[in-house]
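**Q** Below is the structure I would like to discuss, written out as structure tokens.
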2 protein chains.
Amino acid sequence: MTLERLISVARGEDPADLVLNNGRIVDVVSGEIYTAGIAIAEGYIAGIGDGYRGVKGVDLRGRYVCPGFIDSHVHVESSLVRPREFARAVVPCGVTTIVSNPHEIANVLGVEGVRFMLGDARSAPLDFLFTIPSCVPATSLATSGARLTKEDIELLLQEPGMIGLGEVMDFPGVVSGDRRILEEIGVCRGLPIDGHCPGLSDRELNAYAVTGIASEHECTTVEEAGEKLRKGMKIFIREGSVARNLKALLPLITPYNERWLCFCTDDRRLSDLMEEGSIDHLVRMAIAGGVPPVMAIRMATLNPAEHFRLYDRGLIAPGRRADLTVFRDLNEPRPELVYYKGVPALRDGIVVMGEPRAVDAKYEAKTRDTIHVEWSGVDLRIPAEGNLIRVIGAVEDQLITESIIMEPLIKNGNAESDPARDLLKIAVVERHLASGRVGKGFVRGIGLKSGAMAGTVAHDHHNLIVIGADDLSMKTAAEAAAFAGGGLAVADGNAVLASLPLPIAGLMSDQPIEVVRGQAAALADALKKLGSPRFDPFMTMSFLGLEVIPCLKLTDLGLVDVNLQKVVPLFMRLP
Amino acid sequence: MTLERLISVARGEDPADLVLNNGRIVDVVSGEIYTAGIAIAEGYIAGIGDGYRGVKGVDLRGRYVCPGFIDSHVHVESSLVRPREFARAVVPCGVTTIVSNPHEIANVLGVEGVRFMLGDARSAPLDFLFTIPSCVPATSLATSGARLTKEDIELLLQEPGMIGLGEVMDFPGVVSGDRRILEEIGVCRGLPIDGHCPGLSDRELNAYAVTGIASEHECTTVEEAGEKLRKGMKIFIREGSVARNLKALLPLITPYNERWLCFCTDDRRLSDLMEEGSIDHLVRMAIAGGVPPVMAIRMATLNPAEHFRLYDRGLIAPGRRADLTVFRDLNEPRPELVYYKGVPALRDGIVVMGEPRAVDAKYEAKTRDTIHVEWSGVDLRIPAEGNLIRVIGAVEDQLITESIIMEPLIKNGNAESDPARDLLKIAVVERHLASGRVGKGFVRGIGLKSGAMAGTVAHDHHNLIVIGADDLSMKTAAEAAAFAGGGLAVADGNAVLASLPLPIAGLMSDQPIEVVRGQAAALADALKKLGSPRFDPFMTMSFLGLEVIPCLKLTDLGLVDVNLQKVVPLFMRLP
């Protein structure tokens with residue numbers, strides 16, 4: 001029996017499986033750093049102290065060893081790679097547990113999509129935990145590929161690794177007492193329930209928090225986060241690829257409230273994960289910003305472990321999982337060794353993967369062929385119906401958009417893109433039901449001078465979204481994305497300049513991270529050539545359809561005023 | 001539905017049941033104190049903010065309001081009153097939740113005893129939570145009235161209010177991998193498991209902690225507590241009546257480790273609860289000792305709530321229970337108002353009790369008639385069998401004893417008490433099975449000049465324990481205690497000087513706290529007249545039979561060397 005073996009190893013009678021000697025242990029409880037051996041057996045820490053014998057021994061030579069990092073909230077799909085490959089990107093970052101919300105694939109494929117994620121994750125040396133996507137679809141203001149019912153949530157709760165309810169994005173629904181969302185919360189009562197309520201405050205925030213929603217990762221200011229803390233919500237400080245909130249929230253952190261703070265990446269592009277890092281990057285940024293190193297590490301380990309009730313991890317102590325991250329510089333932790341369940345997760349810089357199980361292949365098969373577009377209905381022309389238009393104003397590094405009133409450029413009775421004013425046409429083509437529905441509008445802040453970009457990643461409904469300087473380029477890009485079974489594409493006229501196929505639900509590649517990173521770089525190059533000054537217009541574009549984050553968004557049903565939660569006309573006519 | 005009502009109240013549409021206005025809210029998360037209204041509905045905090053309407057309103061006039069205090073570990077039986085009456089003593093202290101281990105009654109009456117406690121607690125305006133007594137009986141070195149099997153523990157886990165496994169006192173058993181205790185731990189895996197391992201360290205402590213035992217309340221020094229923190233154990237800082245550890249542990253507390261620290265009273269006499277207080281007393285002591293007030297309050301609220309996974313309490317925020325303590329001076333919190341589930345638990349200084357349920361009477365009936373002594377076997381004479389004796393050295397304010405070697409006073413071939421040297425005879429009379437077994441020995445440190453004291457409270461086996469200057473007084477006291485159906489008694493010669501009947505399992509009175517307090521005072525007076533300089537020799541005596549706390553103890557089987565875990569002879573013979 002495991003416990004008897006652990007006790008025997010702890011007492012020093014039975015040799016450990018592995019002993020890490022001469023490590024400087026970062027004790028996230030006491031704040032101390034002390035040198036001692038770590039005896040590991042059966043995947044757990046059996047004892048701490050010197051002189052333990054082990055089948056294997058590693059001399060850490062004074063390197064620091066801390067608990068494996070935990071990402072409190074992440075959408076794997078945003079990396080454009082499947083869970084197995086995602087692990088290859090973040091394990092070298094010292095991440096050993098992620099709490100992921102498979103919200104994107106759930107919007108495309110429902111329960112079957114979630115099952116694919118669970119299965120694909122199994123062979124990774126990283127604990128993939130999942131929250132059950134709530135609010136699928138987010139609202140009735142867009143067409144999704146699937147719907148998760150209360151019964152689906154009950155079903156998914158039975159799956160191992162499901163630890164709570166994913167971000168409750170429909171905050172207007174919660175605040176108004178919407179029955180569907182209260183039922184979803186009711187099913188998960190007693191489990192951690194993640195929040196998502198950007199900008200909510202005062203009595204409406206009381207109404208949201210009273211339901212037991214216990215975390216929030218959408219804070220952008222210290223004031224907002226401070227109020228949410230007072231309402232008892234844990235704050236997950238996010239540093240995504242587009243939404244980068246860590247710097248702004250650094251002044252929030254005090255020795256008092258730090259236990260109520262965690263780190264998360266939410267939506268991070270693959271190149272950022274591979275170059276900047278994952279949670280380790282947030283830890284380094286926090287330390288560079290003045291947070292004491294042990295405190296920063298605690299926000300990445302003990303705090304999320306406690307929040308998600310993962311009592312088997314989060315600190316280095318007997319009985320805890322031997323998920324460990326080893327690094328050399330306390331002021332700039334860069335993982336050199338990573339242990340997952342007491343076994344090296346990295347060997348000579350290569351992530352050690354397990355064998356995929358045959359049984360998971362059947363879920364994977366269901367993730368293909370998800371693009372269903374009625375092309376005959378796709379007419380990108382926008383007949384002019386007024387002398388002013390509502391334009392979506394994309395904001396650098398934010399998920400929110402502005403709602404701008406501009407004069408349209410009208411040619412031959414149609415409103416057209418006007419790159420000179422950074423006014424580009426945007427369309428959302430319904431791609432789940434082949435309904436032929438197309439929402440159309442304009443966006444500012446993307447900066448293409450010519451050509452077009454298209455993708456099947458468009459939160460949360462993941463319809464085919466396309467932005468361009470002219471209709472031909474837009475159609476070329478859209479078709480390239482769709483015909484690959486889903487993907488991203490850049491086109492100019494009838495030429496496809498670059499593409500990144502995403503055959504898994506139109507959201508994820510089936511290729512290794514190295515290939516996907518190259519394809520993504522080619523897309524970025526193509527967009528740069530077309531004149532976009534932005535670093536990653538695809539990430540920005542993917543949020544322009546998200547009708548639960550203010551202010552103005554576009555879905556297949558049309559322009560959505562998020563605050564009003566209704567479709568509004570593109571055109572206005574002023575005398 | 002409750003949640004819909006709470007949302008409606010939070011939004012300000014439905015009036016609250018109660019609004020507390022102008023309170024200074026102690027925010028134990030952020031460390032801030034801010035003035036705002038608290039809107040309460042359905043027993044929960046619905047909203048925080050000004051301007052809420054309520055069916056009732058209370059103006060707190062700038063008083064402080066903090067979450068109700070939580071006692072992390074307490075044995076109700078040690079107060080000598082039943083749970084209902086215990087509540088009357090601690091509710092005025094601002095305590096709204098206690099985690100109690102009905103270990104004493106379990107050793108007398110097993111599952112039925114625990115059921116009595118659960119039932120009796122139900123009518124109190126205080127959340128009685130229970131841990132399941134483990135290690136009943138503690139060892140096989142004493143005779144208990146009952147045994148809790150693994151199956152009993154499984155059964156009790158089904159009862160509402162059972163939140164974990166009570167202190168695992170058999171630490172030598174754990175460290176040696178004893179199957180019985182590992183099974184008990186196994187049954188409760190995933191729940192909070194409380195520890196009890198005074199003095200354990202190094203590899204043995206690793207072996208203890210590796211089992212998942214998550215707390216420890218027996219620390220007496222900063223060094224001991226520091227090592228246990230490093231092993232990942234939460235430290236419950238205890239200020240009992242005999243074991244008073246708070247002052248010694250004050251230097252342990254840092255802003256880093258504070259979250260890992262809670263307060264508990266463990267064993268507190270009724271008069272201490274009624275005069276000094278309960279957890280509020282520890283909070284005041286900590287503040288007086290230099291701990292910042294909000295931090296001290298946090299150790300009494302949020303920390304235990306998190307440790308015991310009571311996510312519905314521990315801070316003042318929407319969705320948390322309206323268990324609140326109101327006081328005037330932040331530097332010396334003395335509760336003036338106490339709310340339990342949103343209702344005043346104190347009215348004009350009187351604790352508001354509910355009606356006992358008829359169904360609980362049947363459990364109460366089983367708690368009577370538990371004293372079974374074969375008096376014909378009770379011979380208190382100690383024939384001299386050597387020229388040295390092992391004497392139990394009682395240590396002021398500690399549960400541990402010393403083992404002292406002394407020369408006996410021998411008269412007519414028997415070893416006798418020698419009050420001049422503070423050497424008193426002590427006997428433990430088996431009282432569960434009427435076996436006639438009597439353990440005999442000597443104790444120093446009680447200080448009686450004449451007469452005797454006896455009681456049926458003797459941790460954990462709760463046999464009849466008696467200490468005296470002569471055999472007649474001892475027999476008179478023992479019979480007085482026993483004939484009352486259990487109790488405490490003081491006698492001199494054949495006169496009973498004072499007594500406190502404990503008809504409930506020989507452990508608890510059936511009288512109100514005011515009566516019991518008077519009886520206890522009379523006992524103390526009687527002992528003072530008999531020459532004892534101690535404040536409460538009964539409490540000290542009750543631990544002299546506890547064979548799991550070092551060094552030398554007495555049970556019905558004889559003198560126990562705790563470190564050796566075996567019965568040792570009273571006499572030694574040196575040439």
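Lettering and numbering for the structure tokens are positional, with chains as A, B, ... in the shown order, residues counted from 1 in each chain, and ligands counted from 1 in the shown order.
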Mind checking which residues fall within 8 Å of Pro125 of chain B, counting only C-alpha atoms, ignoring those fewer than 3 positions away in the same chain, and posting them as a list in words?

**A** Ala87, Val91, Thr96, Tyr340, Ala345, Val351, Val352, Met353 and Gly354 of chain B

**Q** Could you name the residues that touch segment 542-558 of chain A at 8 Å or less, counting only C-alpha atoms, but leaving out those on the same chain fewer than 3 positions away, as a count of residues only?

**A** 43

**Q** Between A:Pro344, A:Gly12, A:Gly110, A:Gly386, which residue has the minimum interatomic distance to chain B, considering only C-alpha atoms?

**A** A:Gly12

**Q** Near chain A, meaning an atom within 6 Å, which residues of chain B appear when counting only C-alpha atoms? Write them as a ChimeraX atom specification.

**A** /B:4,7,10-11,29-31,46-47,177,203-204,206-207,209-210,212,231-232,256-257,317-319

**Q** Counting only C-alpha atoms, what is within 8 Å of segment 370-377 of chain A, bar same-chain residues fewer than 6 positions away, as a list in words?

**A**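 Answer for this query is Val108, Val429, Glu430, Arg431, His432, Leu433, Ala434, Ser435, Gly436, Arg437, Val438, Ala482, Gly485, Gly486, Ala505 and Gly506 of chain A.
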
**Q** Take the residues from that selection and put them in a file with N, CA and C atoms, as a PDB file, in the first residue's frame.

**A**
```pdb
ATOM      1  N   VAL A 108     -18.022  24.705 -30.061  1.00  0.00           N
ATOM      2  CA  VAL A 108     -18.069  24.111 -31.403  1.00  0.00           C
ATOM      3  C   VAL A 108     -18.658  22.704 -31.339  1.00  0.00           C
ATOM      4  N   VAL A 429     -19.090  35.009 -40.748  1.00  0.00           N
ATOM      5  CA  VAL A 429     -19.834  34.048 -41.551  1.00  0.00           C
ATOM      6  C   VAL A 429     -20.173  32.836 -40.674  1.00  0.00           C
ATOM      7  N   GLU A 430     -21.435  32.549 -40.519  1.00  0.00           N
ATOM      8  CA  GLU A 430     -21.856  31.412 -39.697  1.00  0.00           C
ATOM      9  C   GLU A 430     -21.281  30.140 -40.307  1.00  0.00           C
ATOM     10  N   ARG A 431     -20.632  29.313 -39.485  1.00  0.00           N
ATOM     11  CA  ARG A 431     -19.925  28.163 -40.049  1.00  0.00           C
ATOM     12  C   ARG A 431     -20.309  26.835 -39.396  1.00  0.00           C
ATOM     13  N   HIS A 432     -21.301  26.815 -38.542  1.00  0.00           N
ATOM     14  CA  HIS A 432     -21.677  25.551 -37.890  1.00  0.00           C
ATOM     15  C   HIS A 432     -22.839  24.871 -38.610  1.00  0.00           C
ATOM     16  N   LEU A 433     -23.836  25.673 -38.990  1.00  0.00           N
ATOM     17  CA  LEU A 433     -25.089  25.112 -39.504  1.00  0.00           C
ATOM     18  C   LEU A 433     -25.277  25.366 -40.994  1.00  0.00           C
ATOM     19  N   ALA A 434     -24.293  25.985 -41.624  1.00  0.00           N
ATOM     20  CA  ALA A 434     -24.428  26.345 -43.030  1.00  0.00           C
ATOM     21  C   ALA A 434     -25.718  27.120 -43.274  1.00  0.00           C
ATOM     22  N   SER A 435     -25.996  28.073 -42.379  1.00  0.00           N
ATOM     23  CA  SER A 435     -27.241  28.838 -42.478  1.00  0.00           C
ATOM     24  C   SER A 435     -27.150  29.935 -43.531  1.00  0.00           C
ATOM     25  N   GLY A 436     -25.927  30.249 -43.954  1.00  0.00           N
ATOM     26  CA  GLY A 436     -25.754  31.339 -44.910  1.00  0.00           C
ATOM     27  C   GLY A 436     -25.776  32.707 -44.252  1.00  0.00           C
ATOM     28  N   ARG A 437     -25.915  32.743 -42.907  1.00  0.00           N
ATOM     29  CA  ARG A 437     -25.960  34.040 -42.231  1.00  0.00           C
ATOM     30  C   ARG A 437     -24.580  34.686 -42.211  1.00  0.00           C
ATOM     31  N   VAL A 438     -24.574  35.996 -42.484  1.00  0.00           N
ATOM     32  CA  VAL A 438     -23.320  36.756 -42.429  1.00  0.00           C
ATOM     33  C   VAL A 438     -23.595  38.070 -41.705  1.00  0.00           C
ATOM     34  N   ALA A 482     -11.445  28.198 -44.421  1.00  0.00           N
ATOM     35  CA  ALA A 482     -12.503  27.194 -44.309  1.00  0.00           C
ATOM     36  C   ALA A 482     -12.099  25.883 -44.994  1.00  0.00           C
ATOM     37  N   GLY A 485     -10.364  22.959 -43.406  1.00  0.00           N
ATOM     38  CA  GLY A 485     -11.066  22.329 -42.280  1.00  0.00           C
ATOM     39  C   GLY A 485     -11.091  23.247 -41.082  1.00  0.00           C
ATOM     40  N   GLY A 486     -10.859  24.536 -41.381  1.00  0.00           N
ATOM     41  CA  GLY A 486     -10.715  25.523 -40.317  1.00  0.00           C
ATOM     42  C   GLY A 486      -9.277  25.983 -40.280  1.00  0.00           C
ATOM     43  N   ALA A 505     -11.587  21.005 -34.819  1.00  0.00           N
ATOM     44  CA  ALA A 505     -12.708  21.889 -34.467  1.00  0.00           C
ATOM     45  C   ALA A 505     -12.586  23.286 -35.071  1.00  0.00           C
ATOM     46  N   GLY A 506     -11.666  23.442 -36.030  1.00  0.00           N
ATOM     47  CA  GLY A 506     -11.429  24.780 -36.560  1.00  0.00           C
ATOM     48  C   GLY A 506     -10.699  25.660 -35.577  1.00  0.00           C
TER      49      GLY A 506
END
```

**Q** Compile the contact shell of Arg381 of chain A as a PDB file with N, CA, C and O atoms, in the first residue's frame: residues with an atom at most 10 Å away, counting only C-alpha atoms, same-chain residues fewer than 3 positions apart removed.

**A**
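Now in selection_9.pdb:
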```pdb
ATOM      1  N   VAL A 378     -22.991  33.903 -49.003  1.00  0.00           N
ATOM      2  CA  VAL A 378     -21.967  34.837 -48.527  1.00  0.00           C
ATOM      3  C   VAL A 378     -21.777  35.980 -49.517  1.00  0.00           C
ATOM      4  O   VAL A 378     -21.093  35.849 -50.514  1.00  0.00           O
ATOM      5  N   ALA A 384     -25.300  50.851 -48.582  1.00  0.00           N
ATOM      6  CA  ALA A 384     -25.337  52.006 -47.674  1.00  0.00           C
ATOM      7  C   ALA A 384     -26.766  52.329 -47.275  1.00  0.00           C
ATOM      8  O   ALA A 384     -27.649  52.425 -48.130  1.00  0.00           O
ATOM      9  N   GLY A 413     -23.103  52.946 -54.050  1.00  0.00           N
ATOM     10  CA  GLY A 413     -24.211  52.587 -53.149  1.00  0.00           C
ATOM     11  C   GLY A 413     -23.819  51.611 -52.058  1.00  0.00           C
ATOM     12  O   GLY A 413     -24.651  51.228 -51.245  1.00  0.00           O
ATOM     13  N   ASN A 414     -22.533  51.210 -52.030  1.00  0.00           N
ATOM     14  CA  ASN A 414     -22.087  50.287 -50.984  1.00  0.00           C
ATOM     15  C   ASN A 414     -21.059  50.961 -50.076  1.00  0.00           C
ATOM     16  O   ASN A 414     -20.236  51.755 -50.545  1.00  0.00           O
ATOM     17  N   ALA A 415     -21.124  50.617 -48.812  1.00  0.00           N
ATOM     18  CA  ALA A 415     -20.081  51.091 -47.888  1.00  0.00           C
ATOM     19  C   ALA A 415     -18.867  50.192 -48.061  1.00  0.00           C
ATOM     20  O   ALA A 415     -18.994  48.962 -48.107  1.00  0.00           O
ATOM     21  N   GLU A 416     -17.699  50.824 -48.165  1.00  0.00           N
ATOM     22  CA  GLU A 416     -16.480  50.068 -48.465  1.00  0.00           C
ATOM     23  C   GLU A 416     -15.398  50.331 -47.398  1.00  0.00           C
ATOM     24  O   GLU A 416     -15.461  51.321 -46.688  1.00  0.00           O
ATOM     25  N   LYS A 425     -13.529  46.596 -43.500  1.00  0.00           N
ATOM     26  CA  LYS A 425     -14.763  45.818 -43.446  1.00  0.00           C
ATOM     27  C   LYS A 425     -14.488  44.554 -42.626  1.00  0.00           C
ATOM     28  O   LYS A 425     -13.398  43.959 -42.706  1.00  0.00           O
ATOM     29  N   ALA A 427     -16.497  40.831 -41.385  1.00  0.00           N
ATOM     30  CA  ALA A 427     -17.691  39.990 -41.569  1.00  0.00           C
ATOM     31  C   ALA A 427     -17.562  38.748 -40.699  1.00  0.00           C
ATOM     32  O   ALA A 427     -16.462  38.247 -40.468  1.00  0.00           O
ATOM     33  N   LYS A 440     -22.154  41.783 -40.808  1.00  0.00           N
ATOM     34  CA  LYS A 440     -21.178  42.653 -41.466  1.00  0.00           C
ATOM     35  C   LYS A 440     -21.030  43.980 -40.727  1.00  0.00           C
ATOM     36  O   LYS A 440     -22.015  44.489 -40.173  1.00  0.00           O
ATOM     37  N   ASP A 470     -10.664  44.749 -49.171  1.00  0.00           N
ATOM     38  CA  ASP A 470     -11.534  44.601 -50.346  1.00  0.00           C
ATOM     39  C   ASP A 470     -12.222  43.241 -50.299  1.00  0.00           C
ATOM     40  O   ASP A 470     -11.722  42.292 -49.671  1.00  0.00           O
ATOM     41  N   ASP A 471     -13.357  43.115 -51.005  1.00  0.00           N
ATOM     42  CA  ASP A 471     -14.179  41.921 -50.897  1.00  0.00           C
ATOM     43  C   ASP A 471     -13.486  40.691 -51.481  1.00  0.00           C
ATOM     44  O   ASP A 471     -13.632  39.578 -50.953  1.00  0.00           O
TER      45      ASP A 471
END
```

**Q** Out of segment 179-386 of chain A, which residues get alpha helix (DSSP H) from DSSP, as a ChimeraX atom specification?

**A** /A:179-187,202-209,222-230,246-249,270-275,279-288,293-299,302-307,361-365

**Q** Ala146 of chain A: which residues within 8 Å, counting only C-alpha atoms, same-chain residues fewer than 5 positions away excluded, as a VMD selection string?

**A** chain A and resid 106 to 110 136 to 137

**Q** Excluding Ser499 of chain B and residues on its chain fewer than 3 positions from it, collect all residues at most 9 Å away from it, counting only C-alpha atoms, and give them as a ChimeraX atom specification.

**A** /B:477,480-481,484,487-491,496,519-520,522-523

**Q** Counting only C-alpha atoms, what is within 10 Å of Thr97 of chain A, bar same-chain residues fewer than 5 positions away, as a ChimeraX atom specification?

**A** /A:68-72,87,90-91,125-129,301,304-305,313-314,323,340

**Q** Keeping only N, CA and C atoms, write the selected residues to a file as an mmCIF file, in the first residue's frame.

**A**
```
data_model
loop_
_atom_site.group_PDB
_atom_site.id
_atom_site.type_symbol
_atom_site.label_atom_id
_atom_site.label_comp_id
_atom_site.auth_asym_id
_atom_site.auth_seq_id
_atom_site.Cartn_x
_atom_site.Cartn_y
_atom_site.Cartn_z
ATOM 1 N N GLY A 68 5.819 23.069 -8.343
ATOM 2 C CA GLY A 68 5.478 23.308 -9.747
ATOM 3 C C GLY A 68 4.449 24.411 -9.866
ATOM 4 N N PHE A 69 4.574 25.208 -10.926
ATOM 5 C CA PHE A 69 3.647 26.333 -11.100
ATOM 6 C C PHE A 69 2.260 25.842 -11.536
ATOM 7 N N ILE A 70 1.274 26.626 -11.157
ATOM 8 C CA ILE A 70 -0.112 26.317 -11.486
ATOM 9 C C ILE A 70 -0.702 27.496 -12.246
ATOM 10 N N ASP A 71 -1.238 27.225 -13.417
ATOM 11 C CA ASP A 71 -1.942 28.260 -14.172
ATOM 12 C C ASP A 71 -3.408 28.183 -13.776
ATOM 13 N N SER A 72 -3.896 29.262 -13.159
ATOM 14 C CA SER A 72 -5.238 29.231 -12.569
ATOM 15 C C SER A 72 -6.357 29.278 -13.587
ATOM 16 N N ALA A 87 1.233 21.094 -23.671
ATOM 17 C CA ALA A 87 2.095 20.648 -22.573
ATOM 18 C C ALA A 87 3.558 20.805 -22.957
ATOM 19 N N VAL A 90 4.499 24.390 -22.227
ATOM 20 C CA VAL A 90 4.496 24.987 -20.884
ATOM 21 C C VAL A 90 5.254 24.188 -19.830
ATOM 22 N N VAL A 91 5.471 22.899 -20.071
ATOM 23 C CA VAL A 91 6.265 22.136 -19.090
ATOM 24 C C VAL A 91 7.666 22.748 -18.922
ATOM 25 N N PRO A 125 3.024 15.174 -19.347
ATOM 26 C CA PRO A 125 3.577 15.195 -17.983
ATOM 27 C C PRO A 125 3.213 16.496 -17.267
ATOM 28 N N LEU A 126 1.941 16.658 -17.051
ATOM 29 C CA LEU A 126 1.384 17.930 -16.596
ATOM 30 C C LEU A 126 -0.038 17.609 -16.201
ATOM 31 N N ASP A 127 -0.483 18.100 -15.064
ATOM 32 C CA ASP A 127 -1.845 17.791 -14.644
ATOM 33 C C ASP A 127 -2.814 18.767 -15.291
ATOM 34 N N PHE A 128 -3.495 18.298 -16.288
ATOM 35 C CA PHE A 128 -4.544 19.075 -16.932
ATOM 36 C C PHE A 128 -5.808 18.938 -16.101
ATOM 37 N N LEU A 129 -6.193 20.000 -15.430
ATOM 38 C CA LEU A 129 -7.484 19.990 -14.755
ATOM 39 C C LEU A 129 -8.415 20.878 -15.566
ATOM 40 N N THR A 301 1.653 29.074 -6.905
ATOM 41 C CA THR A 301 1.707 27.696 -6.394
ATOM 42 C C THR A 301 0.653 27.469 -5.309
ATOM 43 N N PRO A 304 -3.183 29.197 -5.879
ATOM 44 C CA PRO A 304 -4.141 28.472 -6.730
ATOM 45 C C PRO A 304 -4.438 27.070 -6.215
ATOM 46 N N ALA A 305 -3.455 26.418 -5.603
ATOM 47 C CA ALA A 305 -3.722 25.078 -5.055
ATOM 48 C C ALA A 305 -4.820 25.164 -4.007
ATOM 49 N N ARG A 313 -0.992 19.479 -3.414
ATOM 50 C CA ARG A 313 0.114 20.196 -4.075
ATOM 51 C C ARG A 313 0.188 21.645 -3.617
ATOM 52 N N GLY A 314 1.132 22.391 -4.182
ATOM 53 C CA GLY A 314 1.216 23.821 -3.884
ATOM 54 C C GLY A 314 2.299 24.186 -2.886
ATOM 55 N N ASP A 323 5.699 17.537 -7.568
ATOM 56 C CA ASP A 323 5.680 18.406 -8.749
ATOM 57 C C ASP A 323 6.596 19.575 -8.402
ATOM 58 N N TYR A 340 7.494 16.047 -12.467
ATOM 59 C CA TYR A 340 6.047 15.862 -12.407
ATOM 60 C C TYR A 340 5.788 14.502 -11.793
#
```

**Q** Run DSSP on the backbone and tell me which residues of segment 463-509 of chain B come out as strand (DSSP E); list them as a list in words.

**A**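 Listing strand (DSSP E) positions across segment 463-509 of chain B yields Leu464, Ile465, Val466, Ile467, Gly468, Gly487, Leu488, Ala489, Val490, Ala491, Asp492, Ala495, Val496, Leu497, Ala498, Ser499, Leu500 and Pro501 of chain B.
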
**Q** Calculated over only C-alpha atoms, which of the candidates A:Ala469, A:Leu155, A:Leu282, A:Met508 has the smallest distance to Glu364 of chain A?

**A**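 Checking each candidate against Glu364 of chain A, we get A:Met508 as the closest.
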
**Q** Looking at only C-alpha atoms, which of A:Ile132, A:Ile446, A:Ala248, A:Val338 is the one that sits closest to Ile163 of chain A?

**A**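 Checking each candidate against Ile163 of chain A, we get A:Ile132 as the closest.
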
**Q** Find the distance between atom CA of Ile279 of chain B and atom CA of Leu302 of chain B and write it in Å to one decimal.

**A**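 Spanning atom CA of Ile279 of chain B to atom CA of Leu302 of chain B is a straight-line distance of 13.4 Å.
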